[in-house]
Every structure is written in structure tokens, then in C-alpha cells.
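As C-alpha cells, the structure follows; a few thoughts come after it.
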Amino acid sequence: QVQLVESGGGLVQAGGSLRLSCVASGRTFSAYVVGWFRQAPGKEREFVAAISRSGHINYGDSVKGRSTISRDNAKNTVFLQMNSLKPEDTATYFCAAKEHGDSYRNTILIVWSAYKYWGQGTRVTVSS
């Protein structure tokens with residue numbers, strides 16, 4: 001079992017930046033693939049970014065080129081740096097994790113239903 005807590009959301013003007021953090025507790029975080037998803041009111045949950053155990057990365061098309069995901073296993077933390085924010089980035093951002101064995105250390109998960117553990121979310125609002 002792992003518990004995830006997101007932070008770093010807030011209100012920012014268009015063009016600004018935010019750095020979201022996802023801190024895990026309970027298990028060895030390095031054994032987990034971690035993803036970020038977002039959901040705006042009335043919309044489906046959307047893939048934002050994910051990082052495998054080995055550091056392989058994938059981004060959703062809507063944030064590609066504007067965001068960077070990274071992990072610090074020593075601190076049990078995954079970061080999502082978001083730049084050049086747009087009003088359409090407004091959503092609640094969720095961190096998710098799933099434990100992966102060594103055979104899957106390079107595997108990235110981009111489908112939300114593949115993840116087992118979820119945080120409570122952090123709200124991001126981008127004003128125009």
C-alpha cells in the first residue's frame with residue numbers, strides 16, 4: 001500500500017508556471033510507475049505525463065513541450081513542472097501509482113484505469 005499526496009496547485013496567470021509535487025509514503029517509491037492525470041469539470045480524466053521506474057517518460061499531447069515530469073526516489077517524490085500555462089490547463093491534477101516488478105521497469109502507463117493508487121488531487125486554475 002502506498003499513500004499519495006499532491007501539492008503545488010493554485011491560481012496562476014496564463015503564461016505562468018507551476019510545479020506540482022506528489023509525495024508517496026508507505027512503500028518503496030522506486031518500485032512504482034507514476035503518472036499525472038487531470039480532470040476538468042464535466043470532462044473525462046486526461047493523461048498528462050508518466051514516468052517509469054527506470055525514468056522513461058511520456059507526455060500527453062496537450063502538455064507536450066510545456067511540461068517536465070521527474071522523480072526523486074530518495075525523497076519519494078514525483079514532480080510535474082508546467083510552463084506556459086493556458087486557461088485550458090485548468091483542472092484538478094491527480095497523481096497515480098502502480099507497483100511494477102523488475103521486468104516492467106521501463107514500462108509507462110498512460111491509461112488511468114491501469115493505476116492502483118491515487119492521490120486526492122490538487123487544483124490548478126489558469127486565468128486569462
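Here's how to read the names in the C-alpha cells: chain A, B, ... by the order shown, residue numbers from 1 in each chain, ligand numbers from 1 in the order shown.
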Per residue of segment 26-50 of chain A within 12 Å of segment 4-14 of chain A, what are the shortest atom pair and its distance in Å to one decimal, counting only C-alpha atoms, with rows by chain and residue number, as a Markdown table?
```
| residue | atom | partner | partner_atom | distance |
| --- | --- | --- | --- | --- |
| A:Gly26 | CA | A:Leu4 | CA | 9.1 |
| A:Arg27 | CA | A:Leu4 | CA | 10.6 |
| A:Phe29 | CA | A:Leu4 | CA | 10.2 |
| A:Tyr32 | CA | A:Leu4 | CA | 11.7 |
| A:Val34 | CA | A:Leu4 | CA | 10.3 |
| A:Gly35 | CA | A:Leu4 | CA | 11.4 |
| A:Trp36 | CA | A:Glu6 | CA | 10.0 |
| A:Phe37 | CA | A:Glu6 | CA | 11.6 |
| A:Arg38 | CA | A:Gly9 | CA | 11.8 |
```
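All residues of protein, DNA or RNA that reach within 10 Å of Val111 of chain A, judged by only C-alpha atoms and not counting those fewer than 2 positions away in the chain, are A:Gly35, A:Phe37, A:Arg45, A:Glu46, A:Phe47, A:Ala50, A:Ile108, A:Leu109, A:Ser113, A:Ala114, A:Tyr115.
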Please produce a file of those selected residues containing N, CA, C and O atoms, as an mmCIF file, in the first residue's frame.
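Dumped everything to again.cif:
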```cif
data_model
loop_
_atom_site.group_PDB
_atom_site.id
_atom_site.type_symbol
_atom_site.label_atom_id
_atom_site.label_comp_id
_atom_site.auth_asym_id
_atom_site.auth_seq_id
_atom_site.Cartn_x
_atom_site.Cartn_y
_atom_site.Cartn_z
ATOM 1 N N GLY A 35 2.121 8.342 -12.599
ATOM 2 C CA GLY A 35 1.526 9.160 -13.646
ATOM 3 C C GLY A 35 0.790 10.356 -13.079
ATOM 4 O O GLY A 35 0.406 10.365 -11.905
ATOM 5 N N PHE A 37 -2.530 12.776 -14.051
ATOM 6 C CA PHE A 37 -3.746 12.920 -14.839
ATOM 7 C C PHE A 37 -4.445 14.194 -14.388
ATOM 8 O O PHE A 37 -4.204 14.693 -13.304
ATOM 9 N N ARG A 45 -11.232 12.220 -17.474
ATOM 10 C CA ARG A 45 -9.879 12.265 -16.954
ATOM 11 C C ARG A 45 -8.890 12.147 -18.115
ATOM 12 O O ARG A 45 -9.055 11.318 -18.999
ATOM 13 N N GLU A 46 -7.870 12.973 -18.084
ATOM 14 C CA GLU A 46 -6.934 13.082 -19.193
ATOM 15 C C GLU A 46 -5.513 12.779 -18.736
ATOM 16 O O GLU A 46 -5.067 13.269 -17.690
ATOM 17 N N PHE A 47 -4.812 12.009 -19.548
ATOM 18 C CA PHE A 47 -3.412 11.703 -19.265
ATOM 19 C C PHE A 47 -2.551 12.942 -19.474
ATOM 20 O O PHE A 47 -2.673 13.620 -20.495
ATOM 21 N N ALA A 50 3.754 10.573 -17.480
ATOM 22 C CA ALA A 50 4.063 9.408 -16.659
ATOM 23 C C ALA A 50 5.558 9.129 -16.727
ATOM 24 O O ALA A 50 6.225 9.458 -17.716
ATOM 25 N N ILE A 108 5.706 2.341 -19.133
ATOM 26 C CA ILE A 108 4.948 3.539 -18.772
ATOM 27 C C ILE A 108 3.472 3.234 -18.942
ATOM 28 O O ILE A 108 3.070 2.575 -19.893
ATOM 29 N N LEU A 109 2.658 3.713 -18.052
ATOM 30 C CA LEU A 109 1.210 3.525 -18.135
ATOM 31 C C LEU A 109 0.566 4.871 -18.444
ATOM 32 O O LEU A 109 0.777 5.843 -17.713
ATOM 33 N N SER A 113 -7.035 3.785 -15.786
ATOM 34 C CA SER A 113 -7.565 2.593 -15.130
ATOM 35 C C SER A 113 -6.474 1.568 -14.810
ATOM 36 O O SER A 113 -6.722 0.615 -14.067
ATOM 37 N N ALA A 114 -5.278 1.757 -15.336
ATOM 38 C CA ALA A 114 -4.181 0.829 -15.064
ATOM 39 C C ALA A 114 -3.528 1.101 -13.709
ATOM 40 O O ALA A 114 -2.774 0.260 -13.209
ATOM 41 N N TYR A 115 -3.797 2.249 -13.137
ATOM 42 C CA TYR A 115 -3.168 2.621 -11.872
ATOM 43 C C TYR A 115 -3.987 2.147 -10.683
ATOM 44 O O TYR A 115 -5.207 2.105 -10.722
#
```
From a backbone DSSP assignment, name each residue in chain A labelled helix (DSSP H, G or I), as a list in words.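 Output for chain A, helix (DSSP H, G or I) only: Phe29, Ser30, Ala31, Asn73, Ala74, Lys75, Pro87, Glu88, Asp89, Asp102, Ser103, Tyr104, Trp112, Ser113 and Ala114 of chain A.
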So, counting only C-alpha atoms, which residue among A:Asn76, A:Asn58, A:Gly121, A:Ser128 is closest to Thr28 of chain A?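 When distances to Thr28 of chain A are compared using only C-alpha atoms, the smallest one comes from A:Asn76.
In terms of minimum interatomic distance to Val124 of chain A, A:Pro87 ranks closest within A:Gly65, A:Pro87, A:Gly55, A:Gly60, counting only C-alpha atoms.
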Computed interatomic separation between atom CA of Ser52 of chain A and atom CA of Asn83 of chain A (Å):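 Interatomic distance here is 21.9 Å.
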Would you mind telling me which residue in A:Ser17, A:Thr77, A:Ser54, A:Ser103 lies nearest to Asp89 of chain A when using only C-alpha atoms?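 Using only C-alpha atoms, the shortest distance to Asp89 of chain A belongs to A:Ser17.
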Using the chain letters and numbers from this document, which residues of segment 3-120 of chain A does DSSP assign to strand (DSSP E or B), as a VMD selection string? chain A and resid 3 to 7 10 to 13 18 to 25 32 to 39 46 to 51 57 to 59 67 to 72 77 to 82 91 to 99 117 to 118
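The space separating atom CA of Gly16 of chain A from atom CA of Ala40 of chain A comes to 18.9 Å.
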Contacts of Arg66 of chain A at 12 Å or less, counting only C-alpha atoms, minus same-chain residues fewer than 2 places along, as an MDAnalysis selection string? chainID A and resid 15:19 48:49 59:64 68:69 80:86 89
Interatomic distance, atom CA of Asp72 of chain A to atom CA of Lys98 of chain A (Å, one decimal): 16.3 Å
Within 10 Å of Lys116 of chain A using only C-alpha atoms, minus same-chain residues under 2 positions, as a list of chain:residue names: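 Answer for this query is A:Gln1, A:Val2, A:Ala96, A:Ala97, A:Lys98, A:Glu99, A:Trp112, A:Ser113, A:Ala114, A:Trp118.
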Give the answer as one residue: which of A:Asn73, A:Thr90, A:Ser127, A:Thr122 has the shortest atom-to-atom distance to Ala31 of chain A, using only C-alpha atoms? A:Asn73
